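Structure file query-v3.csv; described as CSV, N, CA and C atoms.
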```
chain,number,residue,atom,x,y,z
A,898,MET,N,15.8,79.0,64.4
A,898,MET,CA,14.4,79.5,64.4
A,898,MET,C,14.4,80.9,64.8
A,899,LYS,N,13.7,81.7,64.0
A,899,LYS,CA,13.6,83.2,64.2
A,899,LYS,C,12.6,83.5,65.3
A,900,GLN,N,13.0,84.3,66.3
A,900,GLN,CA,12.1,84.8,67.3
A,900,GLN,C,11.9,86.3,67.2
A,901,LEU,N,10.8,86.8,67.6
A,901,LEU,CA,10.6,88.2,67.6
A,901,LEU,C,10.0,88.5,69.0
A,902,ALA,N,10.6,89.5,69.7
A,902,ALA,CA,10.1,89.9,71.0
A,902,ALA,C,8.8,90.8,70.8
A,903,VAL,N,7.9,90.7,71.8
A,903,VAL,CA,6.7,91.5,71.6
A,903,VAL,C,7.0,93.0,71.5
A,904,ARG,N,7.9,93.5,72.2
A,904,ARG,CA,8.2,94.9,72.1
A,904,ARG,C,8.8,95.3,70.7
A,905,GLU,N,9.6,94.3,70.1
A,905,GLU,CA,10.1,94.5,68.7
A,905,GLU,C,8.9,94.6,67.8
A,906,LEU,N,7.9,93.7,67.9
A,906,LEU,CA,6.8,93.7,67.0
A,906,LEU,C,6.0,95.0,67.2
A,907,ALA,N,5.8,95.4,68.4
A,907,ALA,CA,5.0,96.7,68.7
A,907,ALA,C,5.8,97.9,68.0
A,908,ALA,N,7.1,97.9,68.1
A,908,ALA,CA,7.9,99.0,67.6
A,908,ALA,C,7.9,99.1,66.1
A,909,HIS,N,7.8,97.9,65.5
A,909,HIS,CA,8.0,97.9,64.0
A,909,HIS,C,6.7,97.6,63.2
A,910,CYS,N,5.6,97.5,63.9
A,910,CYS,CA,4.4,97.0,63.1
A,910,CYS,C,4.0,98.0,62.0
A,911,ALA,N,4.2,99.3,62.2
A,911,ALA,CA,3.9,100.2,61.1
A,911,ALA,C,4.8,100.0,59.9
A,912,ASP,N,6.0,99.4,60.1
A,912,ASP,CA,6.9,99.2,59.0
A,912,ASP,C,6.8,97.8,58.4
A,913,MET,N,5.7,97.1,58.8
A,913,MET,CA,5.6,95.7,58.4
A,913,MET,C,4.3,95.5,57.6
A,914,PRO,N,3.9,96.3,56.7
A,914,PRO,CA,2.5,96.1,56.1
A,914,PRO,C,2.3,94.8,55.3
A,915,ALA,N,3.4,94.2,54.9
A,915,ALA,CA,3.2,92.9,54.1
A,915,ALA,C,3.2,91.7,55.0
A,916,THR,N,3.4,91.9,56.3
A,916,THR,CA,3.5,90.8,57.3
A,916,THR,C,2.1,90.3,57.7
A,917,VAL,N,2.1,89.0,57.9
A,917,VAL,CA,0.8,88.4,58.4
A,917,VAL,C,1.1,88.0,59.8
A,918,LEU,N,0.2,88.3,60.7
A,918,LEU,CA,0.2,87.9,62.1
A,918,LEU,C,-0.7,86.7,62.1
A,919,LEU,N,-0.1,85.5,62.4
A,919,LEU,CA,-0.8,84.2,62.3
A,919,LEU,C,-1.1,83.7,63.7
A,920,ASP,N,-2.4,83.8,64.1
A,920,ASP,CA,-2.8,83.3,65.4
A,920,ASP,C,-3.1,81.8,65.3
A,921,VAL,N,-2.4,81.0,66.0
A,921,VAL,CA,-2.6,79.5,65.9
A,921,VAL,C,-3.3,79.0,67.1
A,922,ARG,N,-4.0,79.8,67.9
A,922,ARG,CA,-4.7,79.4,69.1
A,922,ARG,C,-6.1,78.8,68.7
A,923,GLU,N,-6.7,78.2,69.7
A,923,GLU,CA,-8.1,77.7,69.5
A,923,GLU,C,-9.1,78.8,69.4
A,924,PRO,N,-10.2,78.6,68.8
A,924,PRO,CA,-11.3,79.6,68.6
A,924,PRO,C,-11.7,80.2,70.0
A,925,TRP,N,-11.8,79.4,71.0
A,925,TRP,CA,-12.3,80.0,72.3
A,925,TRP,C,-11.2,81.0,72.9
A,926,GLU,N,-9.9,80.7,72.5
A,926,GLU,CA,-8.9,81.6,73.0
A,926,GLU,C,-9.0,83.0,72.3
A,927,VAL,N,-9.2,82.9,71.0
A,927,VAL,CA,-9.4,84.1,70.2
A,927,VAL,C,-10.5,85.0,70.7
A,928,GLU,N,-11.6,84.3,71.1
A,928,GLU,CA,-12.8,85.0,71.6
A,928,GLU,C,-12.4,85.7,72.9
A,929,ARG,N,-11.6,85.1,73.7
A,929,ARG,CA,-11.2,85.6,75.0
A,929,ARG,C,-10.2,86.8,74.9
A,930,ALA,N,-9.3,86.7,74.0
A,930,ALA,CA,-8.3,87.8,73.9
A,930,ALA,C,-7.8,87.8,72.4
A,931,ALA,N,-7.8,89.0,71.8
A,931,ALA,CA,-7.3,89.1,70.4
A,931,ALA,C,-6.2,90.1,70.3
A,932,LEU,N,-5.3,89.8,69.4
A,932,LEU,CA,-4.2,90.7,69.1
A,932,LEU,C,-4.4,91.3,67.7
A,933,GLN,N,-4.7,92.6,67.7
A,933,GLN,CA,-4.9,93.3,66.4
A,933,GLN,C,-3.9,94.4,66.3
A,934,LEU,N,-3.1,94.5,65.3
A,934,LEU,CA,-2.1,95.5,65.1
A,934,LEU,C,-2.5,96.4,63.9
A,935,PRO,N,-2.3,97.7,64.0
A,935,PRO,CA,-2.5,98.5,62.8
A,935,PRO,C,-1.5,98.2,61.7
A,936,HIS,N,-1.9,98.2,60.5
A,936,HIS,CA,-1.0,97.9,59.3
A,936,HIS,C,-0.6,96.5,59.2
A,937,VAL,N,-1.1,95.6,60.0
A,937,VAL,CA,-0.7,94.2,59.9
A,937,VAL,C,-1.9,93.3,59.8
A,938,ALA,N,-2.0,92.5,58.8
A,938,ALA,CA,-3.1,91.6,58.6
A,938,ALA,C,-3.0,90.4,59.6
A,939,THR,N,-4.1,90.1,60.3
A,939,THR,CA,-4.2,89.0,61.2
A,939,THR,C,-5.0,87.8,60.6
A,940,ARG,N,-4.4,86.6,60.7
A,940,ARG,CA,-5.1,85.4,60.2
A,940,ARG,C,-5.2,84.5,61.4
A,941,HIS,N,-6.3,83.7,61.5
A,941,HIS,CA,-6.5,82.7,62.5
A,941,HIS,C,-6.6,81.4,61.9
A,942,ILE,N,-5.6,80.5,62.1
A,942,ILE,CA,-5.6,79.1,61.7
A,942,ILE,C,-5.1,78.3,62.9
A,943,PRO,N,-6.0,77.6,63.6
A,943,PRO,CA,-5.5,76.8,64.8
A,943,PRO,C,-4.4,75.8,64.4
A,944,LEU,N,-3.5,75.6,65.3
A,944,LEU,CA,-2.4,74.7,65.1
A,944,LEU,C,-2.7,73.4,64.4
A,945,VAL,N,-3.8,72.8,64.8
A,945,VAL,CA,-4.1,71.4,64.2
A,945,VAL,C,-4.5,71.5,62.7
A,946,HIS,N,-4.9,72.7,62.3
A,946,HIS,CA,-5.3,72.9,60.9
A,946,HIS,C,-4.3,73.5,60.0
A,947,ILE,N,-3.1,73.8,60.5
A,947,ILE,CA,-2.0,74.4,59.7
A,947,ILE,C,-1.7,73.5,58.5
A,948,PRO,N,-1.4,72.2,58.7
A,948,PRO,CA,-1.0,71.4,57.5
A,948,PRO,C,-2.0,71.4,56.4
A,949,GLU,N,-3.3,71.3,56.7
A,949,GLU,CA,-4.4,71.2,55.7
A,949,GLU,C,-4.7,72.5,55.1
A,950,ARG,N,-4.3,73.6,55.8
A,950,ARG,CA,-4.6,75.0,55.2
A,950,ARG,C,-3.3,75.7,54.8
A,951,LEU,N,-2.2,75.0,54.6
A,951,LEU,CA,-1.0,75.6,54.3
A,951,LEU,C,-1.0,76.4,53.0
A,952,ALA,N,-1.8,76.0,52.1
A,952,ALA,CA,-2.0,76.7,50.8
A,952,ALA,C,-2.5,78.1,51.0
A,953,GLU,N,-3.2,78.4,52.1
A,953,GLU,CA,-3.7,79.7,52.4
A,953,GLU,C,-2.6,80.8,52.8
A,954,LEU,N,-1.4,80.3,53.0
A,954,LEU,CA,-0.3,81.1,53.4
A,954,LEU,C,0.7,81.3,52.2
A,955,ASP,N,1.2,82.5,52.1
A,955,ASP,CA,2.2,82.8,51.1
A,955,ASP,C,3.6,82.7,51.6
A,956,PRO,N,4.4,81.7,51.1
A,956,PRO,CA,5.7,81.6,51.6
A,956,PRO,C,6.7,82.8,51.3
A,957,SER,N,6.3,83.7,50.4
A,957,SER,CA,7.1,84.8,50.2
A,957,SER,C,6.8,86.0,51.1
A,958,GLN,N,5.8,85.8,51.9
A,958,GLN,CA,5.3,86.9,52.8
A,958,GLN,C,5.8,86.6,54.2
A,959,PRO,N,6.4,87.6,54.9
A,959,PRO,CA,6.7,87.4,56.3
A,959,PRO,C,5.5,87.0,57.2
A,960,ILE,N,5.7,86.1,58.1
A,960,ILE,CA,4.7,85.6,58.9
A,960,ILE,C,5.2,85.6,60.4
A,961,VAL,N,4.4,86.2,61.3
A,961,VAL,CA,4.7,86.2,62.7
A,961,VAL,C,3.7,85.3,63.3
A,962,CYS,N,4.1,84.2,63.9
A,962,CYS,CA,3.1,83.2,64.5
A,962,CYS,C,3.0,83.5,66.0
A,963,PHE,N,1.8,83.4,66.5
A,963,PHE,CA,1.7,83.5,68.0
A,963,PHE,C,0.6,82.6,68.5
A,964,CYS,N,0.7,82.4,69.8
A,964,CYS,CA,-0.3,81.6,70.6
A,964,CYS,C,-0.4,82.2,72.0
A,965,HIS,N,-0.7,81.4,72.9
A,965,HIS,CA,-0.8,81.9,74.3
A,965,HIS,C,0.5,82.3,74.9
A,966,HIS,N,1.5,81.3,74.9
A,966,HIS,CA,2.8,81.6,75.5
A,966,HIS,C,3.9,81.4,74.6
A,967,GLY,N,3.7,81.0,73.4
A,967,GLY,CA,4.7,80.9,72.4
A,967,GLY,C,5.2,79.4,72.1
A,968,MET,N,4.6,78.4,72.7
A,968,MET,CA,5.0,77.1,72.4
A,968,MET,C,4.4,76.5,71.2
A,969,ARG,N,3.1,76.6,71.0
A,969,ARG,CA,2.4,76.1,69.8
A,969,ARG,C,2.9,76.8,68.6
A,970,SER,N,3.1,78.2,68.7
A,970,SER,CA,3.6,78.9,67.6
A,970,SER,C,5.0,78.5,67.2
A,971,LEU,N,5.8,78.1,68.2
A,971,LEU,CA,7.1,77.6,67.9
A,971,LEU,C,7.1,76.4,67.0
A,972,GLN,N,6.1,75.5,67.3
A,972,GLN,CA,5.9,74.3,66.5
A,972,GLN,C,5.5,74.7,65.1
A,973,VAL,N,4.7,75.7,64.9
A,973,VAL,CA,4.2,76.1,63.6
A,973,VAL,C,5.3,76.7,62.8
A,974,VAL,N,6.2,77.5,63.4
A,974,VAL,CA,7.3,78.1,62.7
A,974,VAL,C,8.2,77.0,62.3
A,975,ALA,N,8.5,76.0,63.1
A,975,ALA,CA,9.4,74.9,62.7
A,975,ALA,C,8.8,74.2,61.5
A,976,PHE,N,7.5,73.9,61.5
A,976,PHE,CA,6.8,73.3,60.4
A,976,PHE,C,6.9,74.2,59.1
A,977,LEU,N,6.6,75.4,59.3
A,977,LEU,CA,6.6,76.3,58.1
A,977,LEU,C,8.0,76.4,57.5
A,978,GLU,N,9.1,76.4,58.3
A,978,GLU,CA,10.4,76.4,57.8
A,978,GLU,C,10.7,75.2,57.0
A,979,ARG,N,10.2,74.0,57.5
A,979,ARG,CA,10.4,72.8,56.8
A,979,ARG,C,9.7,72.8,55.4
A,980,GLN,N,8.7,73.6,55.3
A,980,GLN,CA,7.9,73.7,54.1
A,980,GLN,C,8.5,74.8,53.2
A,981,GLY,N,9.6,75.4,53.5
A,981,GLY,CA,10.2,76.4,52.7
A,981,GLY,C,9.9,77.9,53.0
A,982,PHE,N,9.2,78.1,54.1
A,982,PHE,CA,8.9,79.5,54.5
A,982,PHE,C,10.1,80.1,55.2
A,983,GLU,N,10.8,81.0,54.5
A,983,GLU,CA,12.0,81.6,55.0
A,983,GLU,C,11.8,82.7,56.0
A,984,ALA,N,10.7,83.3,55.9
A,984,ALA,CA,10.4,84.5,56.8
A,984,ALA,C,9.3,84.2,57.8
A,985,ALA,N,9.5,83.1,58.5
A,985,ALA,CA,8.5,82.8,59.6
A,985,ALA,C,9.2,83.1,60.9
A,986,TYR,N,8.4,83.7,61.8
A,986,TYR,CA,8.9,84.1,63.1
A,986,TYR,C,8.0,83.7,64.2
A,987,ASN,N,8.5,83.4,65.3
A,987,ASN,CA,7.7,83.1,66.5
A,987,ASN,C,7.7,84.3,67.4
A,988,LEU,N,6.5,84.7,67.9
A,988,LEU,CA,6.4,85.8,68.8
A,988,LEU,C,6.7,85.2,70.2
A,989,ALA,N,7.8,85.5,70.7
A,989,ALA,CA,8.3,85.0,72.0
A,989,ALA,C,7.4,85.5,73.1
A,990,GLY,N,6.9,84.5,73.9
A,990,GLY,CA,6.0,84.8,75.0
A,990,GLY,C,4.5,84.9,74.6
A,991,GLY,N,4.2,84.9,73.3
A,991,GLY,CA,2.9,84.9,72.8
A,991,GLY,C,2.0,86.1,73.3
A,992,ILE,N,0.7,85.9,73.2
A,992,ILE,CA,-0.2,87.0,73.6
A,992,ILE,C,-0.1,87.4,75.1
A,993,ASP,N,0.3,86.4,75.9
A,993,ASP,CA,0.4,86.7,77.3
A,993,ASP,C,1.5,87.7,77.5
A,994,ALA,N,2.7,87.6,76.9
A,994,ALA,CA,3.8,88.6,77.0
A,994,ALA,C,3.3,89.9,76.4
A,995,TRP,N,2.5,89.9,75.3
A,995,TRP,CA,2.0,91.1,74.8
A,995,TRP,C,1.2,91.9,75.8
A,996,SER,N,0.3,91.1,76.5
A,996,SER,CA,-0.5,91.7,77.6
A,996,SER,C,0.3,92.3,78.7
A,997,LEU,N,1.4,91.6,79.1
A,997,LEU,CA,2.2,92.1,80.2
A,997,LEU,C,3.2,93.2,79.8
A,998,GLN,N,3.7,93.2,78.6
A,998,GLN,CA,4.7,94.1,78.2
A,998,GLN,C,4.3,95.3,77.3
A,999,VAL,N,3.2,95.1,76.6
A,999,VAL,CA,2.9,96.1,75.5
A,999,VAL,C,1.5,96.7,75.8
A,1000,ASP,N,0.5,95.8,75.9
A,1000,ASP,CA,-0.9,96.3,76.0
A,1000,ASP,C,-1.7,95.6,77.1
A,1001,PRO,N,-1.7,96.2,78.3
A,1001,PRO,CA,-2.5,95.5,79.4
A,1001,PRO,C,-4.0,95.5,79.1
A,1002,GLY,N,-4.4,96.1,78.1
A,1002,GLY,CA,-5.8,96.1,77.7
A,1002,GLY,C,-6.2,94.8,77.1
A,1003,VAL,N,-5.3,94.0,76.6
A,1003,VAL,CA,-5.5,92.7,76.1
A,1003,VAL,C,-5.7,91.7,77.3
A,1004,PRO,N,-6.8,91.1,77.4
A,1004,PRO,CA,-7.1,90.2,78.6
A,1004,PRO,C,-6.1,89.1,78.7
A,1005,ARG,N,-5.7,88.8,79.9
A,1005,ARG,CA,-4.9,87.6,80.2
A,1005,ARG,C,-5.8,86.4,80.6
A,1006,TYR,N,-5.3,85.2,80.2
A,1006,TYR,CA,-6.1,84.1,80.6
A,1006,TYR,C,-5.2,82.9,80.9
```
Translate this file's structure into structure tokens.
Amino acid sequence: MKQLAVRELAAHCADMPATVLLDVREPWEVERAALQLPHVATRHIPLVHIPERLAELDPSQPIVCFCHHGMRSLQVVAFLERQGFEAAYNLAGGIDAWSLQVDPGVPRY
């Protein structure tokens, strides 16, 4: 399974215009803290809805999945890989690691 560190994502986001940042958290979590990167499209599909909304994702496009700490997104990446998504990555540490290591302006919860 492919992992991406938050600092790696921050350093390379300008070079990743075709990448989708897939937020698999619950709606209340997205309201509390959001991760928006320049040049990177963000999609929100909660973990429980991934199977039914799989057709909304392009298997030829790189996808970086994230959640609060990286556990739910790890499950999503494993699922996507089983569905043939070759460029699916887990954001190690999730949005919490992003808040701690990259952007303290993103609220922690």
Using only N, CA and C atoms, which residues sit within 6 Å of segment 993-1006 of chain A once same-chain residues fewer than 6 positions away are excluded, as number ranges by chain? A: 903, 929-930, 964-966
Spatial neighbours of Gln900 of chain A, max dist 8 Å, only N, CA and C atoms, sep filter under 3 positions, as a ChimeraX atom specification: /A:903,985-989
From the options A:Ala902, A:Leu971, A:Ile960, A:Ala952, which residue's atoms come nearest to Arg922 of chain A, counting only C-alpha atoms? A:Leu971
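Residue nearest Val921 of chain A within the list A:Ala984, A:Val974, A:Met968, A:Leu944: A:Leu944 [criterion: smallest interatomic distance, only C-alpha atoms].
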Atom N of Leu918 of chain A to atom N of Arg940 of chain A, distance in Å rounded to a single decimal: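 Interatomic distance here is 4.9 Å.
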Hey, can you pull every residue with an atom no more than 8 Å from (-5.4, 78.7, 63.2), using only N, CA and C atoms, and send it as a PyMOL selection string? chain A and resi 919-924+940-947
When you draw a straight line from atom N of Trp925 of chain A to atom CA of Leu954 of chain A, how long is it in Å? 21.1 Å
